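Engineer: Below is the file upload.txt, which contains compact mmCIF, N, CA and C atoms and all ligand atoms.
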```txt
# COMPACT_ATOMS: atom_id res chain seq x y z
N MET A 278 81.91 108.14 110.72
CA MET A 278 82.72 108.16 109.50
C MET A 278 84.12 107.62 109.81
N PRO A 279 84.71 106.81 108.91
CA PRO A 279 86.07 106.32 109.15
C PRO A 279 87.06 107.48 109.26
N LYS A 280 88.17 107.19 109.90
CA LYS A 280 89.23 108.18 110.08
C LYS A 280 90.49 107.74 109.35
N LEU A 281 91.24 108.72 108.91
CA LEU A 281 92.55 108.50 108.29
C LEU A 281 93.55 109.32 109.09
N ILE A 282 94.64 108.66 109.50
CA ILE A 282 95.70 109.36 110.22
C ILE A 282 96.82 109.68 109.24
N VAL A 283 97.15 110.94 109.11
CA VAL A 283 98.21 111.36 108.19
C VAL A 283 99.37 111.94 109.00
N ILE A 284 100.57 111.48 108.68
CA ILE A 284 101.79 111.97 109.31
C ILE A 284 102.55 112.74 108.24
N ASN A 285 102.91 113.97 108.55
CA ASN A 285 103.64 114.76 107.55
C ASN A 285 105.15 114.62 107.75
N VAL A 286 105.91 115.32 106.93
CA VAL A 286 107.37 115.16 106.96
C VAL A 286 107.99 115.63 108.28
N ASP A 287 107.26 116.43 109.03
CA ASP A 287 107.76 116.89 110.33
C ASP A 287 107.32 115.95 111.46
N GLY A 288 106.65 114.87 111.11
CA GLY A 288 106.22 113.91 112.12
C GLY A 288 104.93 114.29 112.81
N GLU A 289 104.25 115.31 112.30
CA GLU A 289 102.99 115.74 112.91
C GLU A 289 101.85 114.86 112.43
N HIS A 290 101.02 114.42 113.37
CA HIS A 290 99.88 113.56 113.05
C HIS A 290 98.61 114.40 112.97
N ARG A 291 97.77 114.07 112.02
CA ARG A 291 96.42 114.65 111.97
C ARG A 291 95.42 113.54 111.70
N GLU A 292 94.28 113.63 112.35
CA GLU A 292 93.21 112.67 112.12
C GLU A 292 92.17 113.32 111.23
N LEU A 293 91.93 112.72 110.08
CA LEU A 293 91.02 113.29 109.09
C LEU A 293 89.76 112.45 108.96
N ASP A 294 88.63 113.11 108.71
CA ASP A 294 87.44 112.37 108.30
C ASP A 294 87.73 111.77 106.93
N ALA A 295 87.36 110.51 106.75
CA ALA A 295 87.70 109.80 105.52
C ALA A 295 86.45 109.14 104.95
N PRO A 296 85.71 109.87 104.12
CA PRO A 296 84.46 109.32 103.60
C PRO A 296 84.67 108.04 102.79
N VAL A 297 83.82 107.05 103.02
CA VAL A 297 83.88 105.80 102.26
C VAL A 297 83.71 106.11 100.78
N GLY A 298 84.55 105.50 99.96
CA GLY A 298 84.47 105.68 98.51
C GLY A 298 85.42 106.73 97.97
N ARG A 299 85.96 107.60 98.84
CA ARG A 299 86.96 108.56 98.40
C ARG A 299 88.32 107.86 98.44
N THR A 300 89.21 108.24 97.53
CA THR A 300 90.55 107.66 97.58
C THR A 300 91.37 108.39 98.64
N ILE A 301 92.43 107.71 99.08
CA ILE A 301 93.32 108.35 100.06
C ILE A 301 93.91 109.63 99.46
N MET A 302 94.23 109.60 98.17
CA MET A 302 94.75 110.81 97.53
C MET A 302 93.75 111.96 97.65
N GLN A 303 92.51 111.71 97.34
CA GLN A 303 91.51 112.77 97.40
C GLN A 303 91.38 113.31 98.82
N ILE A 304 91.33 112.43 99.79
CA ILE A 304 91.14 112.85 101.18
C ILE A 304 92.32 113.70 101.64
N VAL A 305 93.52 113.24 101.34
CA VAL A 305 94.72 113.96 101.76
C VAL A 305 94.77 115.35 101.12
N ARG A 306 94.51 115.40 99.82
CA ARG A 306 94.56 116.70 99.13
C ARG A 306 93.47 117.64 99.62
N GLU A 307 92.29 117.10 99.83
CA GLU A 307 91.17 117.95 100.28
C GLU A 307 91.42 118.54 101.66
N ASN A 308 92.40 117.98 102.36
CA ASN A 308 92.72 118.49 103.69
C ASN A 308 93.99 119.32 103.69
N GLY A 309 94.41 119.75 102.51
CA GLY A 309 95.46 120.75 102.44
C GLY A 309 96.87 120.24 102.30
N TYR A 310 97.04 118.93 102.15
CA TYR A 310 98.41 118.41 102.00
C TYR A 310 98.88 118.60 100.57
N ASP A 311 100.17 118.76 100.42
CA ASP A 311 100.78 119.01 99.12
C ASP A 311 101.12 117.68 98.46
N LEU A 312 100.11 117.02 97.95
CA LEU A 312 100.28 115.74 97.26
C LEU A 312 99.79 115.95 95.84
N GLU A 313 100.69 115.88 94.89
CA GLU A 313 100.36 116.38 93.56
C GLU A 313 99.27 115.57 92.86
N GLY A 314 99.49 114.27 92.68
CA GLY A 314 98.51 113.46 91.96
C GLY A 314 98.28 113.96 90.54
N ALA A 315 99.36 114.10 89.80
CA ALA A 315 99.33 114.77 88.51
C ALA A 315 98.38 114.13 87.50
N CYS A 316 98.24 112.82 87.53
CA CYS A 316 97.41 112.16 86.51
C CYS A 316 96.00 111.90 87.01
N GLU A 317 95.68 112.37 88.20
CA GLU A 317 94.33 112.26 88.77
C GLU A 317 93.85 110.81 88.86
N GLY A 318 94.77 109.91 89.16
CA GLY A 318 94.36 108.53 89.42
C GLY A 318 94.41 107.60 88.22
N ALA A 319 95.04 108.03 87.14
CA ALA A 319 95.09 107.21 85.92
C ALA A 319 96.28 106.25 85.91
N LEU A 320 97.00 106.14 87.01
CA LEU A 320 98.18 105.27 87.10
C LEU A 320 99.23 105.63 86.05
N ALA A 321 99.39 106.91 85.83
CA ALA A 321 100.35 107.38 84.83
C ALA A 321 101.40 108.30 85.44
N CYS A 322 101.49 108.32 86.77
CA CYS A 322 102.53 109.10 87.43
C CYS A 322 102.79 108.42 88.77
N ALA A 323 103.69 108.99 89.56
CA ALA A 323 103.88 108.44 90.90
C ALA A 323 103.85 109.58 91.92
N THR A 324 103.19 110.67 91.54
CA THR A 324 103.21 111.86 92.39
C THR A 324 102.15 111.81 93.50
N CYS A 325 101.45 110.70 93.60
CA CYS A 325 100.51 110.53 94.71
C CYS A 325 101.07 109.51 95.70
N HIS A 326 102.37 109.28 95.62
CA HIS A 326 103.04 108.27 96.45
C HIS A 326 102.95 108.59 97.93
N ILE A 327 102.64 107.57 98.72
CA ILE A 327 102.63 107.69 100.19
C ILE A 327 103.29 106.43 100.77
N HIS A 328 103.58 106.49 102.06
CA HIS A 328 104.04 105.32 102.79
C HIS A 328 102.92 104.89 103.73
N VAL A 329 102.56 103.62 103.66
CA VAL A 329 101.51 103.08 104.53
C VAL A 329 102.17 102.51 105.78
N ASP A 330 101.59 102.77 106.94
CA ASP A 330 102.11 102.20 108.18
C ASP A 330 102.21 100.67 108.03
N ALA A 331 103.31 100.11 108.49
CA ALA A 331 103.58 98.68 108.28
C ALA A 331 102.47 97.79 108.85
N ARG A 332 101.82 98.23 109.92
CA ARG A 332 100.74 97.41 110.51
C ARG A 332 99.51 97.37 109.62
N TRP A 333 99.41 98.34 108.74
CA TRP A 333 98.24 98.43 107.86
C TRP A 333 98.50 97.90 106.46
N TYR A 334 99.74 97.85 106.07
CA TYR A 334 100.07 97.56 104.68
C TYR A 334 99.42 96.25 104.20
N GLY A 335 99.51 95.22 105.01
CA GLY A 335 98.98 93.91 104.62
C GLY A 335 97.46 93.84 104.60
N LYS A 336 96.81 94.85 105.15
CA LYS A 336 95.34 94.85 105.17
C LYS A 336 94.76 95.48 103.90
N LEU A 337 95.63 96.09 103.11
CA LEU A 337 95.16 96.71 101.87
C LEU A 337 95.07 95.66 100.77
N ASP A 338 94.29 95.97 99.74
CA ASP A 338 94.26 95.09 98.57
C ASP A 338 95.66 94.97 98.00
N LYS A 339 95.93 93.84 97.38
CA LYS A 339 97.25 93.61 96.80
C LYS A 339 97.57 94.68 95.75
N VAL A 340 98.85 94.98 95.65
CA VAL A 340 99.29 95.97 94.67
C VAL A 340 99.23 95.36 93.27
N GLY A 341 98.59 96.04 92.36
CA GLY A 341 98.50 95.55 90.98
C GLY A 341 99.81 95.72 90.24
N GLU A 342 99.91 95.03 89.12
CA GLU A 342 101.15 95.08 88.34
C GLU A 342 101.44 96.49 87.83
N ASP A 343 100.39 97.17 87.38
CA ASP A 343 100.58 98.53 86.85
C ASP A 343 101.06 99.47 87.96
N GLU A 344 100.51 99.30 89.16
CA GLU A 344 100.94 100.16 90.28
C GLU A 344 102.38 99.84 90.65
N THR A 345 102.72 98.56 90.67
CA THR A 345 104.11 98.18 90.98
C THR A 345 105.07 98.83 90.00
N ASP A 346 104.73 98.78 88.71
CA ASP A 346 105.59 99.39 87.71
C ASP A 346 105.75 100.89 87.95
N MET A 347 104.66 101.55 88.28
CA MET A 347 104.70 103.00 88.45
C MET A 347 105.44 103.39 89.74
N LEU A 348 105.39 102.53 90.74
CA LEU A 348 106.10 102.82 92.00
C LEU A 348 107.61 102.90 91.79
N ASP A 349 108.11 102.32 90.69
CA ASP A 349 109.54 102.42 90.39
C ASP A 349 109.95 103.88 90.20
N PHE A 350 108.99 104.74 89.89
CA PHE A 350 109.29 106.15 89.64
C PHE A 350 109.06 107.03 90.88
N ALA A 351 108.65 106.43 91.98
CA ALA A 351 108.37 107.20 93.19
C ALA A 351 109.67 107.69 93.82
N ASP A 352 109.61 108.87 94.45
CA ASP A 352 110.75 109.38 95.19
C ASP A 352 110.82 108.68 96.54
N GLU A 353 112.02 108.27 96.92
CA GLU A 353 112.27 107.64 98.21
C GLU A 353 111.25 106.55 98.53
N PRO A 354 111.16 105.54 97.66
CA PRO A 354 110.19 104.47 97.93
C PRO A 354 110.61 103.63 99.14
N SER A 355 109.66 102.96 99.74
CA SER A 355 109.93 102.08 100.88
C SER A 355 109.15 100.78 100.65
N PRO A 356 109.38 99.77 101.48
CA PRO A 356 108.64 98.50 101.31
C PRO A 356 107.13 98.66 101.47
N THR A 357 106.70 99.77 102.07
CA THR A 357 105.26 99.97 102.25
C THR A 357 104.74 101.13 101.41
N SER A 358 105.45 101.44 100.34
CA SER A 358 104.99 102.49 99.43
C SER A 358 103.73 102.06 98.69
N ARG A 359 102.83 103.00 98.50
CA ARG A 359 101.65 102.79 97.65
C ARG A 359 101.34 104.09 96.91
N LEU A 360 100.55 103.93 95.87
CA LEU A 360 100.02 105.10 95.18
C LEU A 360 98.65 105.37 95.79
N SER A 361 98.51 106.55 96.37
CA SER A 361 97.32 106.81 97.18
C SER A 361 96.04 106.91 96.37
N CYS A 362 96.17 107.10 95.06
CA CYS A 362 94.96 107.15 94.23
C CYS A 362 94.36 105.77 94.03
N GLN A 363 95.11 104.74 94.41
CA GLN A 363 94.65 103.36 94.19
C GLN A 363 94.06 102.74 95.45
N ILE A 364 93.97 103.50 96.51
CA ILE A 364 93.41 102.98 97.77
C ILE A 364 92.11 103.72 98.05
N GLU A 365 91.03 102.99 98.02
CA GLU A 365 89.72 103.59 98.27
C GLU A 365 89.33 103.35 99.73
N MET A 366 88.87 104.39 100.36
CA MET A 366 88.50 104.28 101.78
C MET A 366 87.27 103.39 101.95
N CYS A 367 87.31 102.56 102.98
CA CYS A 367 86.16 101.72 103.33
C CYS A 367 86.15 101.58 104.84
N GLU A 368 85.08 101.04 105.39
CA GLU A 368 84.96 100.93 106.85
C GLU A 368 86.12 100.11 107.44
N ASP A 369 86.57 99.09 106.72
CA ASP A 369 87.65 98.24 107.24
C ASP A 369 88.97 99.00 107.39
N LEU A 370 89.09 100.12 106.72
CA LEU A 370 90.34 100.90 106.80
C LEU A 370 90.23 102.04 107.81
N ASP A 371 89.21 102.02 108.64
CA ASP A 371 89.07 103.04 109.68
C ASP A 371 90.30 103.03 110.58
N GLY A 372 91.00 104.17 110.65
CA GLY A 372 92.22 104.27 111.46
C GLY A 372 93.50 104.07 110.67
N LEU A 373 93.37 103.90 109.37
CA LEU A 373 94.56 103.73 108.50
C LEU A 373 95.56 104.87 108.74
N ILE A 374 96.83 104.50 108.80
CA ILE A 374 97.90 105.47 109.05
C ILE A 374 98.81 105.54 107.82
N VAL A 375 99.00 106.74 107.30
CA VAL A 375 99.88 106.92 106.15
C VAL A 375 100.81 108.11 106.40
N THR A 376 101.97 108.05 105.75
CA THR A 376 102.92 109.17 105.81
C THR A 376 103.05 109.78 104.43
N VAL A 377 102.97 111.09 104.39
CA VAL A 377 103.14 111.83 103.14
C VAL A 377 104.63 112.13 103.00
N PRO A 378 105.27 111.67 101.91
CA PRO A 378 106.71 111.89 101.78
C PRO A 378 107.04 113.33 101.44
N ARG A 379 108.30 113.64 101.64
CA ARG A 379 108.78 114.99 101.31
C ARG A 379 108.67 115.24 99.82
N GLU A 380 108.27 116.42 99.47
CA GLU A 380 108.19 116.79 98.06
C GLU A 380 109.60 116.90 97.49
N PRO A 381 109.80 116.49 96.23
CA PRO A 381 111.14 116.59 95.64
C PRO A 381 111.56 118.05 95.48
S1 LIG B 1 97.70 110.29 90.70
FE1 LIG B 1 98.97 109.50 89.15
S2 LIG B 1 99.26 107.46 89.75
FE2 LIG B 1 98.10 108.29 91.39
```
Please rewrite the model in this file as structure tokens.
Ligand code: FES

Structural biologist:
Amino acid sequence: MPKLIVINVDGEHRELDAPVGRTIMQIVRENGYDLEGACEGALACATCHIHVDARWYGKLDKVGEDETDMLDFADEPSPTSRLSCQIEMCEDLDGLIVTVPREP
């Protein structure tokens, strides 16, 4: 099974099982992280915001216009910000590294 590496606000790394077809938001939440995801993936909030490791950012599908618009509402955005509900796990993303930002 692919793995997802999550770094929390304290810099602690965890390696999670990341089933193909689950979104990064679902995987992160199912493993106990405090990632709200208020709209459950409908691209109507930015509470599933994460930072993707720079080495991985370019390997993801391009950010859609709707996601770009919604990222304007993310807390502490960075050049590698993404909405985690829009990234679906696949074999090619095995080892993906993301950081969960601090809750507001
Ligand atoms: S959960 Fe609302 S945009 Fe991702």

Engineer: Determine the nearest neighbour of Leu337 of chain A from the options A:Phe350, A:Gly309, A:Asp369, A:Thr324, counting only C-alpha atoms.

Structural biologist: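 Going through A:Phe350, A:Gly309, A:Asp369, A:Thr324 one by one, the smallest distance to Leu337 of chain A is for A:Asp369.
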
Engineer: Counting only N, CA and C atoms and all ligand atoms, which residue out of A:Leu320, A:Thr345, A:Gly372, A:Val377 sits closest to ligand LIG 1 (chain B)?

Structural biologist: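 Of A:Leu320, A:Thr345, A:Gly372, A:Val377, the one nearest ligand LIG 1 (chain B) is A:Leu320, counting only N, CA and C atoms and all ligand atoms.
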
Engineer: Could you give me the residues within 7 Å of ligand LIG 1 (chain B), counting only N, CA and C atoms and all ligand atoms, as a list in words?

Structural biologist: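 Using only N, CA and C atoms and all ligand atoms, I find these residues within 7 Å of ligand LIG 1 (chain B): Glu313, Gly314, Ala315, Cys316, Glu317, Gly318, Ala319, Leu320, Ala321, Cys322, Ala323, Thr324, Cys325, His326, Leu360, Ser361, Cys362 and Gln363 of chain A.
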
Engineer: Could you pull out the residues in segment 281-381 of chain A that DSSP calls strand (DSSP E or B) from the backbone, as a PyMOL selection string?

Structural biologist: chain A and resi 281-284+290-294+300+326-329+358-360+365+373-376

Engineer: Since we have the selection now, will you write its residues out, keeping N, CA and C atoms, as a CSV table (one decimal), keeping the file's coordinate frame?

Structural biologist:
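result.csv was written with the following content:
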```
chain,number,residue,atom,x,y,z
A,281,LEU,N,91.2,108.7,108.9
A,281,LEU,CA,92.6,108.5,108.3
A,281,LEU,C,93.6,109.3,109.1
A,282,ILE,N,94.6,108.7,109.5
A,282,ILE,CA,95.7,109.4,110.2
A,282,ILE,C,96.8,109.7,109.2
A,283,VAL,N,97.2,110.9,109.1
A,283,VAL,CA,98.2,111.4,108.2
A,283,VAL,C,99.4,111.9,109.0
A,284,ILE,N,100.6,111.5,108.7
A,284,ILE,CA,101.8,112.0,109.3
A,284,ILE,C,102.6,112.7,108.2
A,290,HIS,N,101.0,114.4,113.4
A,290,HIS,CA,99.9,113.6,113.0
A,290,HIS,C,98.6,114.4,113.0
A,291,ARG,N,97.8,114.1,112.0
A,291,ARG,CA,96.4,114.6,112.0
A,291,ARG,C,95.4,113.5,111.7
A,292,GLU,N,94.3,113.6,112.4
A,292,GLU,CA,93.2,112.7,112.1
A,292,GLU,C,92.2,113.3,111.2
A,293,LEU,N,91.9,112.7,110.1
A,293,LEU,CA,91.0,113.3,109.1
A,293,LEU,C,89.8,112.4,109.0
A,294,ASP,N,88.6,113.1,108.7
A,294,ASP,CA,87.4,112.4,108.3
A,294,ASP,C,87.7,111.8,106.9
A,300,THR,N,89.2,108.2,97.5
A,300,THR,CA,90.6,107.7,97.6
A,300,THR,C,91.4,108.4,98.6
A,326,HIS,N,102.4,109.3,95.6
A,326,HIS,CA,103.0,108.3,96.4
A,326,HIS,C,103.0,108.6,97.9
A,327,ILE,N,102.6,107.6,98.7
A,327,ILE,CA,102.6,107.7,100.2
A,327,ILE,C,103.3,106.4,100.8
A,328,HIS,N,103.6,106.5,102.1
A,328,HIS,CA,104.0,105.3,102.8
A,328,HIS,C,102.9,104.9,103.7
A,329,VAL,N,102.6,103.6,103.7
A,329,VAL,CA,101.5,103.1,104.5
A,329,VAL,C,102.2,102.5,105.8
A,358,SER,N,105.4,101.4,100.3
A,358,SER,CA,105.0,102.5,99.4
A,358,SER,C,103.7,102.1,98.7
A,359,ARG,N,102.8,103.0,98.5
A,359,ARG,CA,101.6,102.8,97.6
A,359,ARG,C,101.3,104.1,96.9
A,360,LEU,N,100.6,103.9,95.9
A,360,LEU,CA,100.0,105.1,95.2
A,360,LEU,C,98.6,105.4,95.8
A,365,GLU,N,91.0,103.0,98.0
A,365,GLU,CA,89.7,103.6,98.3
A,365,GLU,C,89.3,103.4,99.7
A,373,LEU,N,93.4,103.9,109.4
A,373,LEU,CA,94.6,103.7,108.5
A,373,LEU,C,95.6,104.9,108.7
A,374,ILE,N,96.8,104.5,108.8
A,374,ILE,CA,97.9,105.5,109.0
A,374,ILE,C,98.8,105.5,107.8
A,375,VAL,N,99.0,106.7,107.3
A,375,VAL,CA,99.9,106.9,106.2
A,375,VAL,C,100.8,108.1,106.4
A,376,THR,N,102.0,108.0,105.8
A,376,THR,CA,102.9,109.2,105.8
A,376,THR,C,103.0,109.8,104.4
```

Engineer: Would you compute the distance between atom C of Pro356 of chain A and atom C of Met278 of chain A? Give it in Å to one decimal.

Structural biologist: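 One can read the atom C of Pro356 of chain A to atom C of Met278 of chain A distance as 26.1 Å.
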
Engineer: Which value, in Å to one decimal, gives the distance between atom C of Val340 of chain A and atom C of Asp352 of chain A?

Structural biologist: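 About the pair atom C of Val340 of chain A and atom C of Asp352 of chain A: they are 18.0 Å apart.
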
Engineer: Please report, as a list in words, each residue of chain A to which DSSP assigns alpha helix (DSSP H) when run on this structure's backbone.

Structural biologist: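 Matching residues for alpha helix (DSSP H) in chain A are Ile301, Met302, Gln303, Ile304, Val305, Arg306, Glu307, Ala331, Arg332, Trp333, Tyr334, Glu342, Asp343, Glu344, Thr345, Asp346, Met347 and Leu348 of chain A.
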
Engineer: Distance atom CA of Pro296 of chain A-atom C of Asp346 of chain A, one decimal place?

Structural biologist: 27.7 Å

Engineer: Excluding Thr300 of chain A and any residue of its chain fewer than 3 positions from it, enumerate the residues within 6 Å of it, using only N, CA and C atoms, and give them as a ChimeraX atom specification.

Structural biologist: /A:303-305,361-362,364-366

Engineer: Point out the residue among A:Tyr310, A:Glu289, A:Thr357, A:Ala351 with the least atom-to-atom distance to Gly335 of chain A, counting all atoms listed in the file.

Structural biologist: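 Nearest to Gly335 of chain A: A:Thr357.
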